[in-house]
Structures are given as structure tokens and as C-alpha cells.
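**Student:** The file below is work_19.pdb, PDB, C-alpha atoms, pLDDT in the B column:
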```
ATOM      1  CA  LEU A   1      -5.763  18.259  -3.672  1.00 86.00           C
ATOM      2  CA  GLU A   2      -3.988  18.928  -0.380  1.00 84.00           C
ATOM      3  CA  ARG A   3      -5.909  18.972   2.867  1.00 82.00           C
ATOM      4  CA  THR A   4      -5.007  22.038   4.940  1.00 80.00           C
ATOM      5  CA  GLU A   5      -6.330  21.213   8.406  1.00 76.00           C
ATOM      6  CA  SER A   6      -4.437  17.903   8.643  1.00 74.00           C
ATOM      7  CA  ASN A   7      -2.177  15.707   6.538  1.00 76.00           C
ATOM      8  CA  GLY A   8      -3.745  14.216   3.461  1.00 84.00           C
ATOM      9  CA  TRP A   9      -3.890  14.249  -0.329  1.00 87.00           C
ATOM     10  CA  ASP A  10      -6.603  13.402  -2.828  1.00 88.00           C
ATOM     11  CA  THR A  11      -7.312  13.620  -6.562  1.00 88.00           C
ATOM     12  CA  TRP A  12     -10.301  14.835  -8.520  1.00 89.00           C
ATOM     13  CA  HIS A  13     -10.906  14.166 -12.187  1.00 88.00           C
ATOM     14  CA  PRO A  14     -13.598  16.671 -13.265  1.00 91.00           C
ATOM     15  CA  ALA A  15     -14.356  14.670 -16.437  1.00 92.00           C
ATOM     16  CA  ARG A  16     -15.528  11.812 -14.186  1.00 90.00           C
ATOM     17  CA  GLY A  17     -18.145  13.953 -12.445  1.00 92.00           C
ATOM     18  CA  ASP A  18     -18.556  15.419  -8.991  1.00 93.00           C
ATOM     19  CA  TYR A  19     -15.762  15.221  -6.456  1.00 92.00           C
ATOM     20  CA  ARG A  20     -15.921  12.208  -4.134  1.00 89.00           C
ATOM     21  CA  PRO A  21     -13.390  12.390  -1.268  1.00 88.00           C
ATOM     22  CA  THR A  22     -10.874   9.537  -1.078  1.00 87.00           C
ATOM     23  CA  TRP A  23      -8.152  11.125   1.068  1.00 88.00           C
ATOM     24  CA  THR A  24      -4.911   9.262   1.656  1.00 85.00           C
ATOM     25  CA  ASP A  25      -2.629   9.868   4.624  1.00 81.00           C
ATOM     26  CA  ASP A  26       0.120   7.699   3.089  1.00 83.00           C
ATOM     27  CA  VAL A  27       1.225  10.579   0.842  1.00 86.00           C
ATOM     28  CA  LEU A  28       2.931  13.291   2.889  1.00 87.00           C
ATOM     29  CA  GLU A  29       3.839  15.692   0.069  1.00 89.00           C
ATOM     30  CA  VAL A  30       3.608  15.917  -3.714  1.00 91.00           C
ATOM     31  CA  TYR A  31       6.551  17.763  -5.274  1.00 91.00           C
ATOM     32  CA  GLY A  32       5.567  17.850  -8.923  1.00 89.00           C
ATOM     33  CA  SER A  33       4.868  15.791 -11.968  1.00 84.00           C
ATOM     34  CA  VAL A  34       7.070  13.818 -14.285  1.00 81.00           C
ATOM     35  CA  ASP A  35       4.508  12.915 -16.928  1.00 76.00           C
ATOM     36  CA  PRO A  36       2.453  10.885 -16.499  1.00 83.00           C
ATOM     37  CA  LEU A  37       3.476  10.332 -12.875  1.00 88.00           C
ATOM     38  CA  ALA A  38       4.088  12.589  -9.889  1.00 90.00           C
ATOM     39  CA  VAL A  39       6.935  12.463  -7.374  1.00 92.00           C
ATOM     40  CA  GLY A  40       5.934  12.508  -3.732  1.00 91.00           C
ATOM     41  CA  LEU A  41       7.073  11.794  -0.211  1.00 90.00           C
ATOM     42  CA  VAL A  42       5.283   8.799   1.269  1.00 88.00           C
ATOM     43  CA  ALA A  43       5.033   7.334   4.745  1.00 79.00           C
ATOM     44  CA  GLN A  44       8.190   5.474   5.713  1.00 73.00           C
ATOM     45  CA  GLN A  45       8.116   1.863   4.584  1.00 68.00           C
ATOM     46  CA  PRO A  46       8.520  -0.913   7.204  1.00 70.00           C
ATOM     47  CA  GLY A  47      12.196  -1.781   7.652  1.00 68.00           C
ATOM     48  CA  SER A  48      13.487   1.343   5.898  1.00 65.00           C
ATOM     49  CA  GLN A  49      15.436   4.245   7.313  1.00 65.00           C
ATOM     50  CA  GLY A  50      14.930   7.817   6.202  1.00 62.00           C
ATOM     51  CA  ALA A  51      12.300   9.317   3.948  1.00 68.00           C
ATOM     52  CA  CYS A  52      10.706   7.453   1.067  1.00 87.00           C
ATOM     53  CA  LEU A  53      10.152   9.042  -2.314  1.00 91.00           C
ATOM     54  CA  ALA A  54       7.736   7.428  -4.706  1.00 90.00           C
ATOM     55  CA  ARG A  55       6.442   7.838  -8.213  1.00 92.00           C
ATOM     56  CA  LEU A  56       2.688   8.261  -7.864  1.00 91.00           C
ATOM     57  CA  ASP A  57      -0.026   7.576 -10.416  1.00 89.00           C
ATOM     58  CA  THR A  58      -3.042   9.836 -10.929  1.00 86.00           C
ATOM     59  CA  GLU A  59      -4.828   8.158  -8.009  1.00 87.00           C
ATOM     60  CA  LEU A  60      -1.843   8.812  -5.684  1.00 88.00           C
ATOM     61  CA  GLU A  61      -0.934   5.129  -5.610  1.00 87.00           C
ATOM     62  CA  VAL A  62       2.743   4.166  -5.671  1.00 87.00           C
ATOM     63  CA  ALA A  63       3.610   3.269  -9.272  1.00 88.00           C
ATOM     64  CA  GLY A  64       6.654   1.025  -8.981  1.00 78.00           C
ATOM     65  CA  ASP A  65       9.340   0.951  -6.346  1.00 75.00           C
ATOM     66  CA  SER A  66       9.808   3.683  -3.798  1.00 83.00           C
ATOM     67  CA  ALA A  67      13.240   5.084  -3.007  1.00 87.00           C
ATOM     68  CA  CYS A  68      14.087   5.457   0.658  1.00 85.00           C
ATOM     69  CA  VAL A  69      16.994   7.837   1.134  1.00 82.00           C
ATOM     70  CA  PRO A  70      18.989   7.941   4.369  1.00 77.00           C
ATOM     71  CA  GLN A  71      18.671  11.734   4.677  1.00 79.00           C
ATOM     72  CA  VAL A  72      15.557  13.273   6.169  1.00 81.00           C
ATOM     73  CA  LEU A  73      13.335  14.895   3.557  1.00 85.00           C
ATOM     74  CA  SER A  74      10.740  17.133   5.132  1.00 83.00           C
ATOM     75  CA  PRO A  75       7.132  17.541   4.003  1.00 83.00           C
ATOM     76  CA  GLU A  76       7.269  21.013   5.593  1.00 85.00           C
ATOM     77  CA  ALA A  77      10.300  22.185   3.566  1.00 88.00           C
ATOM     78  CA  PRO A  78       9.505  23.789   0.209  1.00 89.00           C
ATOM     79  CA  GLY A  79      10.285  21.396  -2.624  1.00 92.00           C
ATOM     80  CA  ALA A  80       9.906  21.031  -6.382  1.00 93.00           C
ATOM     81  CA  VAL A  81      10.839  18.614  -9.164  1.00 94.00           C
ATOM     82  CA  SER A  82      12.809  19.866 -12.181  1.00 94.00           C
ATOM     83  CA  PRO A  83      10.976  20.036 -15.536  1.00 91.00           C
ATOM     84  CA  GLN A  84      12.505  16.821 -16.924  1.00 90.00           C
ATOM     85  CA  GLY A  85      12.202  15.012 -13.607  1.00 90.00           C
ATOM     86  CA  GLN A  86      15.930  14.603 -12.952  1.00 93.00           C
ATOM     87  CA  TRP A  87      16.134  16.610  -9.738  1.00 95.00           C
ATOM     88  CA  LEU A  88      14.146  17.282  -6.582  1.00 94.00           C
ATOM     89  CA  LEU A  89      15.115  20.200  -4.373  1.00 93.00           C
ATOM     90  CA  ASN A  90      13.654  19.804  -0.869  1.00 92.00           C
ATOM     91  CA  GLY A  91      14.820  22.562   1.469  1.00 88.00           C
ATOM     92  CA  SER A  92      18.608  22.264   1.482  1.00 89.00           C
ATOM     93  CA  LEU A  93      18.651  18.738   0.023  1.00 91.00           C
ATOM     94  CA  LEU A  94      19.127  18.054  -3.673  1.00 93.00           C
ATOM     95  CA  VAL A  95      17.996  14.605  -4.827  1.00 93.00           C
ATOM     96  CA  ASP A  96      19.119  13.046  -8.110  1.00 94.00           C
ATOM     97  CA  LEU A  97      15.902  11.172  -8.895  1.00 93.00           C
ATOM     98  CA  GLY A  98      17.613   8.943 -11.474  1.00 92.00           C
ATOM     99  CA  GLU A  99      19.999   7.720  -8.783  1.00 93.00           C
ATOM    100  CA  ALA A 100      17.230   7.424  -6.171  1.00 92.00           C
ATOM    101  CA  PHE A 101      14.842   5.409  -8.338  1.00 91.00           C
ATOM    102  CA  GLY A 102      17.717   3.560 -10.010  1.00 90.00           C
ATOM    103  CA  GLY A 103      18.559   1.633  -6.831  1.00 87.00           C
ATOM    104  CA  ARG A 104      21.298   3.987  -5.637  1.00 90.00           C
ATOM    105  CA  ALA A 105      19.370   5.970  -3.011  1.00 85.00           C
ATOM    106  CA  ASP A 106      22.447   6.043  -0.765  1.00 87.00           C
ATOM    107  CA  ARG A 107      24.229   8.197  -3.405  1.00 91.00           C
ATOM    108  CA  ALA A 108      21.241  10.263  -4.538  1.00 92.00           C
ATOM    109  CA  VAL A 109      21.254  13.148  -2.052  1.00 92.00           C
ATOM    110  CA  THR A 110      23.576  16.151  -1.907  1.00 92.00           C
ATOM    111  CA  GLU A 111      23.228  18.761   0.813  1.00 90.00           C
ATOM    112  CA  VAL A 112      23.386  22.393  -0.245  1.00 89.00           C
ATOM    113  CA  ALA A 113      25.697  23.462   2.571  1.00 84.00           C
ATOM    114  CA  ASP A 114      25.844  26.763   4.432  1.00 81.00           C
ATOM    115  CA  LEU A 115      22.422  28.073   3.434  1.00 80.00           C
ATOM    116  CA  PRO A 116      19.712  29.392   5.727  1.00 80.00           C
ATOM    117  CA  PRO A 117      16.365  27.584   5.396  1.00 81.00           C
ATOM    118  CA  THR A 118      14.482  27.918   2.116  1.00 82.00           C
ATOM    119  CA  VAL A 119      11.360  30.086   2.458  1.00 85.00           C
ATOM    120  CA  THR A 120       9.912  29.842  -1.068  1.00 86.00           C
ATOM    121  CA  THR A 121       9.045  26.936  -3.299  1.00 89.00           C
ATOM    122  CA  PRO A 122      11.944  26.445  -5.729  1.00 92.00           C
ATOM    123  CA  VAL A 123      11.345  27.705  -9.273  1.00 92.00           C
ATOM    124  CA  TRP A 124      13.107  25.752 -12.009  1.00 92.00           C
ATOM    125  CA  LEU A 125      14.422  28.066 -14.723  1.00 91.00           C
ATOM    126  CA  GLY A 126      15.412  25.146 -16.920  1.00 89.00           C
ATOM    127  CA  PRO A 127      16.427  21.509 -16.607  1.00 90.00           C
ATOM    128  CA  ASP A 128      19.559  22.296 -14.589  1.00 92.00           C
ATOM    129  CA  ARG A 129      19.022  25.643 -12.866  1.00 94.00           C
ATOM    130  CA  VAL A 130      16.773  26.480  -9.927  1.00 94.00           C
ATOM    131  CA  LEU A 131      15.991  29.677  -8.036  1.00 92.00           C
ATOM    132  CA  PHE A 132      14.667  30.050  -4.490  1.00 91.00           C
ATOM    133  CA  ALA A 133      14.714  32.497  -1.599  1.00 88.00           C
ATOM    134  CA  THR A 134      15.945  32.233   1.955  1.00 87.00           C
ATOM    135  CA  ALA A 135      15.073  34.780   4.654  1.00 83.00           C
ATOM    136  CA  ASP A 136      17.874  37.099   3.542  1.00 85.00           C
ATOM    137  CA  SER A 137      19.011  36.044   0.068  1.00 88.00           C
ATOM    138  CA  LEU A 138      18.036  34.934  -3.391  1.00 90.00           C
ATOM    139  CA  VAL A 139      19.786  31.686  -4.324  1.00 92.00           C
ATOM    140  CA  GLN A 140      20.526  30.337  -7.775  1.00 94.00           C
ATOM    141  CA  LEU A 141      21.680  26.723  -7.914  1.00 94.00           C
ATOM    142  CA  TRP A 142      23.030  24.546 -10.718  1.00 96.00           C
ATOM    143  CA  PRO A 143      22.394  20.943  -9.519  1.00 95.00           C
ATOM    144  CA  GLY A 144      24.725  19.169 -11.962  1.00 94.00           C
ATOM    145  CA  ARG A 145      27.578  21.455 -11.025  1.00 95.00           C
ATOM    146  CA  LEU A 146      26.847  20.998  -7.300  1.00 94.00           C
ATOM    147  CA  ARG A 147      26.995  17.214  -7.660  1.00 93.00           C
ATOM    148  CA  GLU A 148      30.351  17.548  -9.454  1.00 93.00           C
ATOM    149  CA  GLY A 149      31.735  19.608  -6.547  1.00 91.00           C
ATOM    150  CA  ASP A 150      31.964  22.909  -8.437  1.00 93.00           C
ATOM    151  CA  PRO A 151      32.443  25.703  -5.850  1.00 91.00           C
ATOM    152  CA  ASP A 152      30.470  28.095  -8.104  1.00 93.00           C
ATOM    153  CA  ALA A 153      27.372  25.877  -8.227  1.00 94.00           C
ATOM    154  CA  VAL A 154      25.530  28.058  -5.707  1.00 93.00           C
ATOM    155  CA  GLU A 155      25.126  31.811  -6.101  1.00 93.00           C
ATOM    156  CA  GLN A 156      23.677  33.803  -3.192  1.00 91.00           C
ATOM    157  CA  ILE A 157      22.452  37.338  -3.758  1.00 89.00           C
ATOM    158  CA  PRO A 158      21.848  39.224  -0.476  1.00 89.00           C
ATOM    159  CA  LEU A 159      18.423  40.821  -0.030  1.00 83.00           C
ATOM    160  CA  TYR A 160      18.054  44.025   1.930  1.00 81.00           C
ATOM    161  CA  GLY A 161      14.535  44.804   3.138  1.00 71.00           C
ATOM    162  CA  GLY A 162      11.308  44.312   1.279  1.00 62.00           C
ATOM    163  CA  THR A 163       9.577  41.106   0.318  1.00 62.00           C
ATOM    164  CA  LEU A 164      10.640  38.917  -2.556  1.00 63.00           C
ATOM    165  CA  SER A 165       8.120  37.152  -4.796  1.00 65.00           C
ATOM    166  CA  ILE A 166       9.286  34.473  -7.201  1.00 64.00           C
ATOM    167  CA  VAL A 167       6.860  33.682 -10.008  1.00 63.00           C
ATOM    168  CA  GLN A 168       6.980  30.388 -11.901  1.00 62.00           C
ATOM    169  CA  PRO A 169       7.553  31.072 -15.623  1.00 60.00           C
ATOM    170  CA  GLY A 170       4.491  30.249 -17.765  1.00 58.00           C
TER     171      GLY A 170
END
```
Could you rewrite the structure in this file as C-alpha cells?
**Tutor:**
Amino acid sequence: LERTESNGWDTWHPARGDYRPTWTDDVLEVYGSVDPLAVGLVAQQPGSQGACLARLDTELEVAGDSACVPQVLSPEAPGAVSPQGQWLLNGSLLVDLGEAFGGRADRAVTEVADLPPTVTTPVWLGPDRVLFATADSLVQLWPGRLREGDPDAVEQIPLYGGTLSIVQPG
């Protein structure tokens, strides 16, 4: 559960009975699940620089080490984790979660250059292809190709008028 009037996240397990609030302000954003854990942005750890990603258990507790990347991940930027949990797209930043949680956080982030800000939550069309909208374009991105430096890893399709809705496949 995400609190709307201020920062905070909570969980509710209906099988355990009525909801009892136990909000945490340590979790800034939850990007998606990588069974049985979730990937989220947590408050910066003492002595670290940059944002800290963490694998979270079902009670929103950090399950293992967090990964503090030097780039600034934003809880306000739309973000989503790929279906197999390899990638996180947060605004214009692509994070290789294997690198981040594998002790190589300094090499984990690739910026998707020359794009206006993302305005929709990314929709993963498979393990290595994601779709999202900016104010004036639809963008298709192949993360593996981007990390390899392929100039065709990002496809922008201009939008002219109207409103675009992207629906997550079932």
C-alpha cells in the first residue's frame, strides 16, 4: 500500500485478518516484484552516496544487502522492474539489477540519453524490451542492446496530439 498524502508504504495480508497500519517511511518507492521479493528505493544509508535500491520482503524489510548507486534515482520518476528481475527502468536511468546487487553498483546504471522525461510507468513487453511514453513520443527500449552501446537500442515514435494510454499486458 502506498500512502498518498505523504511518503510511506505498508503491507496488508488479507488472510491474516483486518488491516493494521504499520507504515514505513524508510521505503521511498516500490518498483515491482522479483518473486518472492520486491525491489524498492530506500532511504539513503549512512556513509553512502546516491540512491539505495533494496530487495524487500513481504513486510517491506530489507532482505539482504542494499545497492547504493552513484546516480540519483527518483521516487517521483516512473519506474518498473522487468519480468525476470534483471532490469529497472527509473525515468531515464536503466539499472542492471544483477550488477547492482552483485557488488558492482558503480557499473550498474546506464542513462538513456537525449530523451524528454518519462510520463508513464514503463511497460515491459518481455524480459528485454520495455515501452513508455514521454510528453511527445512513444519510446521502445532494448536494455541489453543499450548496455552494449547499440545505436538502435532506443526507438522513438513521435506522437501528434491526443493522449496515449499504455496498458500492461495481462
**Student:** Residues of segment 29-80 of chain A that approach segment 128-133 of chain A to 10 Å or less, counting only C-alpha atoms: could you list each one with the shortest pair of atoms and its distance in Å to one decimal, rows by chain and increasing residue number, as CSV?
**Tutor:**
```
residue,atom,partner,partner_atom,distance
A:Pro78,CA,A:Phe132,CA,9.4
A:Gly79,CA,A:Phe132,CA,9.9
A:Ala80,CA,A:Val130,CA,9.5
```
**Student:** Using Å and a single decimal, report how far atom CA of Ala54 of chain A sits from atom CA of Val39 of chain A.
**Tutor:** 5.8 Å
**Student:** Scan for residues within 10 Å of the point (8.5, 16.4, -17.3) in the coordinates of the file, using only C-alpha atoms, and reply as a VMD selection string.
**Tutor:** chain A and resid 32 to 38 81 to 86 127
**Student:** List, as a list of chain:residue names, every residue that the PyMOL selection byres ((chain A and resi 52) around 6) selects in the file provided.
**Tutor:**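 What the PyMOL selection byres ((chain A and resi 52) around 6) grabs from the file is A:Leu41, A:Val42, A:Gln44, A:Ala51, A:Leu53, A:Ala67, A:Cys68.
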**Student:** Using all atoms listed in the file, can you tell me which of A:Pro46, A:Gly8, A:Gly91, A:Gly40 comes closest to Pro122 of chain A?
**Tutor:**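 Closest candidate: A:Gly91.
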**Student:** Quick one: pull the distance between atom CA of Glu29 of chain A and atom CA of Arg3 of chain A, Å, one decimal.
**Tutor:** 10.7 Å
**Student:** With a distance cut-off of 12 Å and all atoms listed in the file, select the neighbouring residues of Val139 of chain A, excluding the residue or stretch itself and same-chain residues fewer than 5 positions from it, and output the selection as number ranges by chain.
**Tutor:** A: 91-92, 112, 114-124, 129-134, 152-159, 164, 166
**Student:** Measuring atom to atom with only C-alpha atoms, identify which of A:Gln71, A:Ser66, A:Thr58, A:Asn90 is nearest to Tyr31 of chain A.
**Tutor:** A:Asn90
**Student:** Would you kindly translate the PyMOL selection byres ((chain A and resi 105) around 9) into the concrete residues it picks from this file, as a list in words?
**Tutor:**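 What the PyMOL selection byres ((chain A and resi 105) around 9) grabs from the file is Ala67, Cys68, Val69, Pro70, Val95, Asp96, Leu97, Glu99, Ala100, Phe101, Gly102, Gly103, Arg104, Asp106, Arg107, Ala108 and Val109 of chain A.
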